[in-house]
Amino acid sequence: MLDRLNKRPNDLSAFWMPFTANRQFKQAPRMLVAAKDMHYTAEDGRKIMDGTSGLWCVNAGHCRPKITEAIQQQAAELDYAPAFQMGHPIVFEFANRLAAMAPEGMDHVFFTNSGSESVDTALKIALAYHRVKGNGSRFRLIGRERGYHGVNFGGISVGGIVTNRKMFGTLLTGVDHLQHTHLPGKNAFTRGEPEHGGDLADELERIVTLHDASTVAAVIVEPVAGSTGVLIPPKGYLKRLREICDKHGILLIFDEVITGFGRLGAPFAADYFGVVPDIMTTAKGVTNGVIPMGAVFVRKEIHDAFMNGPEHLIEFFHGYTYSGNPIACAAGLATLDTYQEEGLLTRASELADHWADGLHSLKGEPHVIDIRNIGLVGAIELEGIAGEPTKRAFSAFIKAFERGLLIRTTGDIIALSPPLIITKGQIDELIDHVREVLRMID
Ligand code: PXG
């Protein structure tokens with residue numbers, strides 16, 4: 001039951017909250033009750049600026065009318081259609097629209113319901129691809145330290161965030177990891193792509209030599225690692241990964257769950273860096289975060305490799321009840337319309353300098369040991385309190401929320417990724433908020 005005055009439920013106990021300090025939250029809940037464009041409304045009526053696009057997903061800002069209307073109309077017309085052995089028009093239309101905007105050659109789309117599902121789908125496509133090509137010995141998957149690829153078993157196996165892995169048994173076997181590219185000693189306070197560390201891609205050559213290329217199926221990386229605290233690829237790093245994969249017949253997977261749909265100032269990170277992977281995982285911004293959905297893009301050769309054998313047989317034993325759900329597709333089409341009408345897929349490139357100036361003006365504020373930026377993403381790394389990691393950034397998060405700004409923290413890093421509709425004036429406001437918060441916390 002809701003208390004209609006303050007909209008707060010009178011019992012918070014049943015809901016086990018994801019990736020949340022449940023006990024802390026339930027003692028002092030932070031409730032959001034409405035949202036519009038750049039702002040949330042908290043239950044006490046305060047406006048909270050969204051410095052994180054929700055969780056890196058609401059790229060066009062909140063409660064955009066076109067998207068709302070599309071969802072309402074679709075829900076009234078065709079609410080659900082079976083995803084297996086049946087079709088409905090809007091899912092084909094949406095796949096075509098996505099393929100048309102994807103990097104060159106990525107012209108087939110497999111729908112999922114989240115980034116985690118997109119990642120596990122991509123890993124399965126990679127393994128099965130080698131097998132249908134007669135290369136079943138290629139079973140190894142290579143991820144990277146500090147990588148985040150969602151929370152399903154495939155994703156945490158190739159992922160490199162220790163807390164997300166250590167409780168969950170043996171994970172997938174046959175996985176190895178590249179070193180992460182975070183070199184604060186050399187690259188601290190770099191604007192954009194760091195100078196140092198491009199050669200870390202050569203470690204892939206070493207790993208491939210160790211296992212032999214004939215056992216390696218795919219390499220998966222986030223072009224810009226988001227969740228771990230915004231690690232930007234050093235100059236030349238992604239190109240070098242591409243070259244090594246090509247040399248050895250290994251598939252390159254870009255996890256673009258965060259970087260997709262305009263976050264860097266180009267539709268995808270593949271466009272931004274001029275490096276096209278073989279498989280690309282997306283979610284979040286594909287529907288502006290409004291309805292759960294993910295989309296895995298694959299190259300024609302990969303898709304076509306499955307299209308053999310008797311035509312009445314299923315080619316790929318994988319899919320979800322809600323793959324290509326009609327309401328999600330309607331939300332997605334309206335989202336693409338909104339992005340296109342407002343130029344949002346490239347808007348971050350127009351704002352990037354102003355954003356970088358603002359962020360780097362925080363150098364010298366208390367506790368700040370590094371600042372990183374690219375497109376409309378930024379990170380401010382704080383010196384942790386001795387013996388109490390994460391505490392300082394978490395108190396920044398609480399203080400910021402009290403003062404009307406939503407930020408994300410991971411470890412002792414503040415991550416920022418505002419909706420792509422943000423104005424320069426609002427960027428200044430956001431940065432001023434952060435500055436004040438840094439001066440307030442212990
Ligand atoms: N891959 C990447 C690169 C991600 O960033 C996922 C996969 C998983 O997506 P789903 O939809 O299953 O959550 C993600 C998700 C944060 C944060 O603040 C990041 C994510 C999710 C929630 C919070 O760092 N990324």
# chains A, B, ... in the order shown; residues from 1 in each chain; ligands from 1
call {"tool": "residues_around", "arguments": {"residues": "segment 144-147 of chain A", "least_positions_apart": "5", "cutoff": "6 Å", "atoms": "only C-alpha atoms", "output": "PyMOL selection string"}}
result
chain A and resi 159-161+177-180+228
call {"tool": "write_last_selection", "arguments": {"atoms": "N, CA and C atoms", "output": "PDB file, in the first residue's frame"}}
result
ATOM      1  N   GLY A 159      34.185 -11.289 -17.765  1.00  0.00           N
ATOM      2  CA  GLY A 159      34.325 -10.023 -17.051  1.00  0.00           C
ATOM      3  C   GLY A 159      35.502 -10.074 -16.107  1.00  0.00           C
ATOM      4  N   GLY A 160      35.878  -8.903 -15.605  1.00  0.00           N
ATOM      5  CA  GLY A 160      37.069  -8.851 -14.770  1.00  0.00           C
ATOM      6  C   GLY A 160      36.867  -8.037 -13.507  1.00  0.00           C
ATOM      7  N   ILE A 161      35.639  -8.052 -12.988  1.00  0.00           N
ATOM      8  CA  ILE A 161      35.388  -7.326 -11.743  1.00  0.00           C
ATOM      9  C   ILE A 161      35.269  -8.364 -10.628  1.00  0.00           C
ATOM     10  N   HIS A 177      42.175 -13.691 -19.616  1.00  0.00           N
ATOM     11  CA  HIS A 177      41.933 -12.238 -19.535  1.00  0.00           C
ATOM     12  C   HIS A 177      43.156 -11.429 -19.950  1.00  0.00           C
ATOM     13  N   LEU A 178      42.899 -10.385 -20.713  1.00  0.00           N
ATOM     14  CA  LEU A 178      43.918  -9.368 -20.982  1.00  0.00           C
ATOM     15  C   LEU A 178      44.076  -8.498 -19.746  1.00  0.00           C
ATOM     16  N   GLN A 179      45.212  -7.850 -19.684  1.00  0.00           N
ATOM     17  CA  GLN A 179      45.409  -6.873 -18.613  1.00  0.00           C
ATOM     18  C   GLN A 179      44.532  -5.645 -18.878  1.00  0.00           C
ATOM     19  N   HIS A 180      44.057  -4.988 -17.805  1.00  0.00           N
ATOM     20  CA  HIS A 180      43.302  -3.737 -18.019  1.00  0.00           C
ATOM     21  C   HIS A 180      44.251  -2.634 -18.481  1.00  0.00           C
ATOM     22  N   THR A 228      33.526  -0.095 -14.478  1.00  0.00           N
ATOM     23  CA  THR A 228      34.716  -0.157 -13.632  1.00  0.00           C
ATOM     24  C   THR A 228      35.269   1.232 -13.324  1.00  0.00           C
TER      25      THR A 228
END
call {"tool": "closest_atom_pairs", "arguments": {"of": "chain A", "to": "ligand 1", "cutoff": "7 Å", "atoms": "only C-alpha atoms and all ligand atoms", "output": "tab-separated table"}}
result
residue	atom	partner	partner_atom_place_in_ligand_line	distance
A:Leu55	CA	ligand 1	23 (C)	5.1
A:Trp56	CA	ligand 1	19 (C)	6.7
A:Ser114	CA	ligand 1	11 (O)	3.8
A:Gly115	CA	ligand 1	9 (O)	3.2
A:Ser116	CA	ligand 1	12 (O)	3.6
A:Glu117	CA	ligand 1	12 (O)	6.3
A:Val119	CA	ligand 1	7 (C)	6.4
A:Tyr148	CA	ligand 1	3 (C)	5.4
A:His149	CA	ligand 1	1 (N)	3.8
A:Gly150	CA	ligand 1	8 (C)	3.5
A:Val151	CA	ligand 1	12 (O)	6.4
A:Glu222	CA	ligand 1	3 (C)	5.6
A:Ala225	CA	ligand 1	3 (C)	6.7
A:Gly226	CA	ligand 1	5 (O)	5.7
A:Ser227	CA	ligand 1	24 (O)	3.2
A:Thr228	CA	ligand 1	24 (O)	6.5
A:Asp255	CA	ligand 1	3 (C)	5.2
A:Glu256	CA	ligand 1	3 (C)	5.9
A:Val257	CA	ligand 1	2 (C)	4.7
A:Ile258	CA	ligand 1	5 (O)	5.0
A:Ala283	CA	ligand 1	11 (O)	6.1
A:Lys284	CA	ligand 1	11 (O)	6.2
A:Arg408	CA	ligand 1	18 (O)	5.6
A:Thr409	CA	ligand 1	18 (O)	7.0
A:Thr410	CA	ligand 1	24 (O)	6.7
call {"tool": "closest_residue", "arguments": {"among": "A:Gly169, A:Gly229, A:Gly294, A:Gly319", "to": "Ala415 of chain A", "atoms": "only C-alpha atoms"}}
result
A:Gly229
call {"tool": "atom_distance", "arguments": {"atom1": "atom CA of Ile302 of chain A", "atom2": "atom CA of Gly249 of chain A"}}
result
12.4 Å
call {"tool": "select_by_dssp", "arguments": {"residues": "segment 45-263 of chain A", "states": "strand (DSSP E or B)", "output": "number ranges by chain"}}
result
A: 47-50, 62, 108-112, 140-144, 175-178, 216-221, 225, 231, 251-255
call {"tool": "write_last_selection", "arguments": {"atoms": "N, CA and C atoms", "output": "mmCIF file, in the first residue's frame"}}
result
data_model
loop_
_atom_site.group_PDB
_atom_site.id
_atom_site.type_symbol
_atom_site.label_atom_id
_atom_site.label_comp_id
_atom_site.auth_asym_id
_atom_site.auth_seq_id
_atom_site.Cartn_x
_atom_site.Cartn_y
_atom_site.Cartn_z
ATOM 1 N N LYS A 47 13.634 18.471 -7.315
ATOM 2 C CA LYS A 47 14.130 18.091 -8.645
ATOM 3 C C LYS A 47 15.575 17.606 -8.507
ATOM 4 N N ILE A 48 15.872 16.470 -9.113
ATOM 5 C CA ILE A 48 17.220 15.900 -9.052
ATOM 6 C C ILE A 48 17.748 15.839 -10.475
ATOM 7 N N MET A 49 18.847 16.531 -10.746
ATOM 8 C CA MET A 49 19.402 16.451 -12.096
ATOM 9 C C MET A 49 19.990 15.058 -12.327
ATOM 10 N N ASP A 50 19.697 14.487 -13.494
ATOM 11 C CA ASP A 50 20.156 13.133 -13.796
ATOM 12 C C ASP A 50 21.549 13.203 -14.430
ATOM 13 N N HIS A 62 14.248 11.926 -20.163
ATOM 14 C CA HIS A 62 13.129 11.158 -19.592
ATOM 15 C C HIS A 62 11.757 11.522 -20.161
ATOM 16 N N HIS A 108 22.978 -7.953 -39.390
ATOM 17 C CA HIS A 108 21.952 -8.818 -38.799
ATOM 18 C C HIS A 108 21.861 -8.545 -37.306
ATOM 19 N N VAL A 109 20.637 -8.663 -36.788
ATOM 20 C CA VAL A 109 20.387 -8.274 -35.401
ATOM 21 C C VAL A 109 19.648 -9.396 -34.681
ATOM 22 N N PHE A 110 20.139 -9.780 -33.511
ATOM 23 C CA PHE A 110 19.469 -10.768 -32.659
ATOM 24 C C PHE A 110 18.990 -10.035 -31.404
ATOM 25 N N PHE A 111 17.687 -10.146 -31.084
ATOM 26 C CA PHE A 111 17.161 -9.366 -29.959
ATOM 27 C C PHE A 111 17.198 -10.142 -28.641
ATOM 28 N N THR A 112 17.507 -9.402 -27.587
ATOM 29 C CA THR A 112 17.514 -9.923 -26.218
ATOM 30 C C THR A 112 16.749 -8.921 -25.344
ATOM 31 N N ARG A 140 37.912 -21.148 -26.636
ATOM 32 C CA ARG A 140 38.333 -20.199 -25.597
ATOM 33 C C ARG A 140 37.770 -18.808 -25.841
ATOM 34 N N LEU A 141 37.475 -18.137 -24.730
ATOM 35 C CA LEU A 141 36.990 -16.760 -24.774
ATOM 36 C C LEU A 141 37.961 -15.898 -23.972
ATOM 37 N N ILE A 142 38.318 -14.757 -24.536
ATOM 38 C CA ILE A 142 39.274 -13.871 -23.863
ATOM 39 C C ILE A 142 38.555 -12.580 -23.479
ATOM 40 N N GLY A 143 38.548 -12.279 -22.198
ATOM 41 C CA GLY A 143 38.008 -11.000 -21.714
ATOM 42 C C GLY A 143 39.137 -10.110 -21.235
ATOM 43 N N ARG A 144 38.820 -9.228 -20.302
ATOM 44 C CA ARG A 144 39.853 -8.305 -19.824
ATOM 45 C C ARG A 144 39.615 -7.995 -18.345
ATOM 46 N N VAL A 175 38.537 -19.662 -20.185
ATOM 47 C CA VAL A 175 38.521 -18.200 -20.324
ATOM 48 C C VAL A 175 39.865 -17.644 -19.868
ATOM 49 N N ASP A 176 40.368 -16.668 -20.572
ATOM 50 C CA ASP A 176 41.575 -15.965 -20.142
ATOM 51 C C ASP A 176 41.305 -14.462 -20.227
ATOM 52 N N HIS A 177 42.175 -13.691 -19.616
ATOM 53 C CA HIS A 177 41.933 -12.238 -19.535
ATOM 54 C C HIS A 177 43.156 -11.429 -19.950
ATOM 55 N N LEU A 178 42.899 -10.385 -20.713
ATOM 56 C CA LEU A 178 43.918 -9.368 -20.982
ATOM 57 C C LEU A 178 44.076 -8.498 -19.746
ATOM 58 N N VAL A 216 41.187 -20.539 -29.789
ATOM 59 C CA VAL A 216 40.592 -19.276 -29.331
ATOM 60 C C VAL A 216 39.426 -18.872 -30.235
ATOM 61 N N ALA A 217 38.251 -18.671 -29.618
ATOM 62 C CA ALA A 217 37.060 -18.315 -30.385
ATOM 63 C C ALA A 217 36.902 -16.800 -30.528
ATOM 64 N N ALA A 218 37.008 -16.089 -29.419
ATOM 65 C CA ALA A 218 36.655 -14.670 -29.470
ATOM 66 C C ALA A 218 37.314 -13.885 -28.350
ATOM 67 N N VAL A 219 37.461 -12.600 -28.612
ATOM 68 C CA VAL A 219 37.918 -11.635 -27.614
ATOM 69 C C VAL A 219 36.780 -10.657 -27.405
ATOM 70 N N ILE A 220 36.453 -10.370 -26.143
ATOM 71 C CA ILE A 220 35.396 -9.398 -25.875
ATOM 72 C C ILE A 220 35.942 -8.280 -24.993
ATOM 73 N N VAL A 221 35.709 -7.047 -25.431
ATOM 74 C CA VAL A 221 36.071 -5.875 -24.623
ATOM 75 C C VAL A 221 34.995 -4.811 -24.746
ATOM 76 N N ALA A 225 35.597 1.101 -21.076
ATOM 77 C CA ALA A 225 35.066 0.334 -19.944
ATOM 78 C C ALA A 225 34.291 1.284 -19.036
ATOM 79 N N LEU A 231 37.289 3.654 -18.126
ATOM 80 C CA LEU A 231 38.668 3.481 -18.601
ATOM 81 C C LEU A 231 38.656 3.632 -20.116
ATOM 82 N N LEU A 251 37.297 -13.957 -33.455
ATOM 83 C CA LEU A 251 36.252 -12.946 -33.554
ATOM 84 C C LEU A 251 36.471 -11.869 -32.496
ATOM 85 N N LEU A 252 36.210 -10.629 -32.894
ATOM 86 C CA LEU A 252 36.316 -9.508 -31.956
ATOM 87 C C LEU A 252 34.899 -9.045 -31.614
ATOM 88 N N ILE A 253 34.594 -9.061 -30.324
ATOM 89 C CA ILE A 253 33.275 -8.612 -29.858
ATOM 90 C C ILE A 253 33.453 -7.294 -29.116
ATOM 91 N N PHE A 254 32.729 -6.280 -29.533
ATOM 92 C CA PHE A 254 32.686 -5.032 -28.762
ATOM 93 C C PHE A 254 31.418 -5.038 -27.934
ATOM 94 N N ASP A 255 31.564 -4.869 -26.642
ATOM 95 C CA ASP A 255 30.395 -4.719 -25.785
ATOM 96 C C ASP A 255 30.057 -3.235 -25.710
#
call {"tool": "residues_around", "arguments": {"residues": "Gln27 of chain A", "least_positions_apart": "6", "cutoff": "12 Å", "atoms": "only C-alpha atoms", "output": "VMD selection string"}}
result
chain A and resid 11 to 13 21
call {"tool": "closest_residue", "arguments": {"among": "A:Asp370, A:Leu362, A:Ala60, A:Gly425", "to": "Arg439 of chain A", "atoms": "only C-alpha atoms"}}
result
A:Leu362
call {"tool": "closest_residue", "arguments": {"among": "A:Cys57, A:Ala126, A:Ala83, A:Ile291", "to": "Asp278 of chain A", "atoms": "only C-alpha atoms"}}
result
A:Ala126
call {"tool": "residues_around", "arguments": {"residues": "Ile90 of chain A", "least_positions_apart": "4", "cutoff": "8 Å", "atoms": "only C-alpha atoms", "output": "list of chain:residue names"}}
result
A:Phe94, A:Pro326, A:Cys329, A:Ala330
call {"tool": "write_last_selection", "arguments": {"atoms": "C-alpha atoms", "output": "PDB file, in the first residue's frame"}}
result
ATOM      1  CA  PHE A  94      13.198  -2.362 -36.120  1.00  0.00           C
ATOM      2  CA  PRO A 326       6.454  -5.728 -29.943  1.00  0.00           C
ATOM      3  CA  CYS A 329      10.306  -2.622 -30.691  1.00  0.00           C
ATOM      4  CA  ALA A 330       7.788   0.227 -30.738  1.00  0.00           C
TER       5      ALA A 330
END
call {"tool": "select_by_dssp", "arguments": {"residues": "segment 58-305 of chain A", "states": "helix (DSSP H, G or I)", "output": "PyMOL selection string"}}
result
chain A and resi 65-77+89-101+115-132+153-158+162-165+184-187+198-211+213-215+237-248+269-273+284-287+300-305
call {"tool": "atom_distance", "arguments": {"atom1": "atom CA of Asn96 of chain A", "atom2": "atom CA of Leu238 of chain A"}}
result
27.4 Å
call {"tool": "residues_around", "arguments": {"residues": "Ile314 of chain A", "least_positions_apart": "5", "cutoff": "10 Å", "atoms": "only C-alpha atoms", "output": "list in words"}}
result
Phe84, Gln85, Phe306, Met307 and Gly309 of chain A
call {"tool": "atom_distance", "arguments": {"atom1": "atom CA of Ala100 of chain A", "atom2": "atom CA of Gly324 of chain A"}}
result
17.1 Å
call {"tool": "closest_residue", "arguments": {"among": "A:Gly387, A:Gly87, A:Gly378, A:Gly105", "to": "Leu264 of chain A", "atoms": "only C-alpha atoms"}}
result
A:Gly378
call {"tool": "closest_residue", "arguments": {"among": "A:Leu405, A:Leu32, A:Val276, A:Val298", "to": "Asp432 of chain A", "atoms": "only C-alpha atoms"}}
result
A:Leu405
call {"tool": "residues_around", "arguments": {"residues": "Pro267 of chain A", "least_positions_apart": "5", "cutoff": "9 Å", "atoms": "only C-alpha atoms", "output": "ChimeraX atom specification"}}
result
/A:101-103,259-262,272,344-346
call {"tool": "closest_residue", "arguments": {"among": "A:Gly136, A:Gly404, A:Gly198, A:Gly236", "to": "Gly51 of chain A", "atoms": "only C-alpha atoms"}}
result
A:Gly404
call {"tool": "decode", "arguments": {"residues": "segment 300-410 of chain A", "atoms": "C-alpha atoms", "output": "tab-separated table (two decimals), in the first residue's frame"}}
result
chain	number	residue	atom	x	y	z
A	300	LYS	CA	26.77	-11.09	-42.57
A	301	GLU	CA	29.42	-13.85	-42.83
A	302	ILE	CA	28.70	-14.95	-39.28
A	303	HIS	CA	24.94	-15.01	-39.75
A	304	ASP	CA	25.22	-16.71	-43.13
A	305	ALA	CA	27.45	-19.47	-41.75
A	306	PHE	CA	24.44	-20.71	-39.76
A	307	MET	CA	22.09	-20.71	-42.76
A	308	ASN	CA	22.85	-24.17	-44.03
A	309	GLY	CA	21.41	-27.66	-43.58
A	310	PRO	CA	17.77	-28.63	-44.11
A	311	GLU	CA	15.57	-25.52	-44.26
A	312	HIS	CA	12.92	-26.78	-41.85
A	313	LEU	CA	15.46	-27.03	-39.02
A	314	ILE	CA	16.23	-24.31	-36.47
A	315	GLU	CA	19.67	-22.90	-37.26
A	316	PHE	CA	20.61	-21.48	-33.85
A	317	PHE	CA	19.25	-22.97	-30.63
A	318	HIS	CA	18.96	-19.76	-28.70
A	319	GLY	CA	16.37	-17.06	-28.00
A	320	TYR	CA	14.17	-15.54	-25.32
A	321	THR	CA	10.38	-15.44	-24.83
A	322	TYR	CA	10.65	-11.69	-25.17
A	323	SER	CA	13.19	-11.47	-28.01
A	324	GLY	CA	11.86	-8.64	-30.17
A	325	ASN	CA	8.83	-8.00	-27.98
A	326	PRO	CA	6.45	-5.73	-29.94
A	327	ILE	CA	6.20	-3.05	-27.27
A	328	ALA	CA	9.99	-2.94	-26.90
A	329	CYS	CA	10.31	-2.62	-30.69
A	330	ALA	CA	7.79	0.23	-30.74
A	331	ALA	CA	9.75	1.97	-27.99
A	332	GLY	CA	12.95	1.33	-29.94
A	333	LEU	CA	11.65	2.76	-33.22
A	334	ALA	CA	10.35	5.87	-31.47
A	335	THR	CA	13.70	6.15	-29.68
A	336	LEU	CA	15.60	6.06	-33.00
A	337	ASP	CA	13.21	8.69	-34.39
A	338	THR	CA	13.87	10.90	-31.38
A	339	TYR	CA	17.64	10.43	-31.66
A	340	GLN	CA	17.54	11.25	-35.36
A	341	GLU	CA	15.17	14.23	-35.19
A	342	GLU	CA	17.26	15.83	-32.45
A	343	GLY	CA	20.69	14.85	-33.74
A	344	LEU	CA	21.42	13.09	-30.46
A	345	LEU	CA	23.67	10.39	-31.87
A	346	THR	CA	26.32	12.99	-32.66
A	347	ARG	CA	25.43	15.65	-30.11
A	348	ALA	CA	28.02	14.44	-27.60
A	349	SER	CA	30.74	15.38	-30.09
A	350	GLU	CA	29.49	18.99	-30.07
A	351	LEU	CA	29.44	19.07	-26.28
A	352	ALA	CA	32.62	17.05	-25.66
A	353	ASP	CA	35.01	20.00	-25.34
A	354	HIS	CA	32.76	21.92	-23.00
A	355	TRP	CA	32.24	18.74	-20.99
A	356	ALA	CA	35.99	18.08	-20.82
A	357	ASP	CA	36.70	21.69	-19.76
A	358	GLY	CA	34.15	21.42	-16.97
A	359	LEU	CA	35.38	18.08	-15.71
A	360	HIS	CA	39.05	18.99	-15.79
A	361	SER	CA	38.32	22.22	-13.93
A	362	LEU	CA	37.82	19.92	-10.93
A	363	LYS	CA	41.53	19.11	-10.85
A	364	GLY	CA	42.91	20.36	-7.56
A	365	GLU	CA	39.61	19.97	-5.67
A	366	PRO	CA	39.85	17.87	-2.48
A	367	HIS	CA	40.55	14.13	-2.87
A	368	VAL	CA	40.74	14.20	-6.70
A	369	ILE	CA	43.55	11.97	-8.03
A	370	ASP	CA	42.47	11.54	-11.66
A	371	ILE	CA	39.92	12.84	-14.16
A	372	ARG	CA	39.03	11.04	-17.40
A	373	ASN	CA	36.64	12.01	-20.19
A	374	ILE	CA	35.43	10.99	-23.62
A	375	GLY	CA	32.26	11.99	-25.47
A	376	LEU	CA	29.67	12.66	-22.77
A	377	VAL	CA	31.25	10.34	-20.22
A	378	GLY	CA	33.47	11.35	-17.38
A	379	ALA	CA	35.09	9.97	-14.27
A	380	ILE	CA	36.54	11.66	-11.24
A	381	GLU	CA	38.71	9.32	-9.25
A	382	LEU	CA	39.03	10.08	-5.55
A	383	GLU	CA	41.67	8.99	-3.14
A	384	GLY	CA	40.03	6.34	-0.97
A	385	ILE	CA	39.87	6.67	2.82
A	386	ALA	CA	42.63	4.44	4.22
A	387	GLY	CA	41.16	1.08	5.20
A	388	GLU	CA	37.66	2.05	4.04
A	389	PRO	CA	37.52	1.73	0.27
A	390	THR	CA	34.40	3.08	-1.51
A	391	LYS	CA	33.29	5.07	1.55
A	392	ARG	CA	34.41	8.48	0.31
A	393	ALA	CA	32.74	8.16	-3.09
A	394	PHE	CA	29.59	6.79	-1.49
A	395	SER	CA	29.34	9.81	0.78
A	396	ALA	CA	29.76	11.98	-2.33
A	397	PHE	CA	26.85	10.09	-3.88
A	398	ILE	CA	24.65	10.68	-0.81
A	399	LYS	CA	25.60	14.35	-0.56
A	400	ALA	CA	25.03	14.90	-4.28
A	401	PHE	CA	21.58	13.35	-4.06
A	402	GLU	CA	20.69	15.52	-1.08
A	403	ARG	CA	21.80	18.55	-3.07
A	404	GLY	CA	19.85	17.60	-6.19
A	405	LEU	CA	22.23	15.66	-8.44
A	406	LEU	CA	22.29	11.97	-9.29
A	407	ILE	CA	25.80	10.57	-9.83
A	408	ARG	CA	27.14	6.98	-9.97
A	409	THR	CA	30.02	5.69	-7.99
A	410	THR	CA	32.10	2.58	-8.39
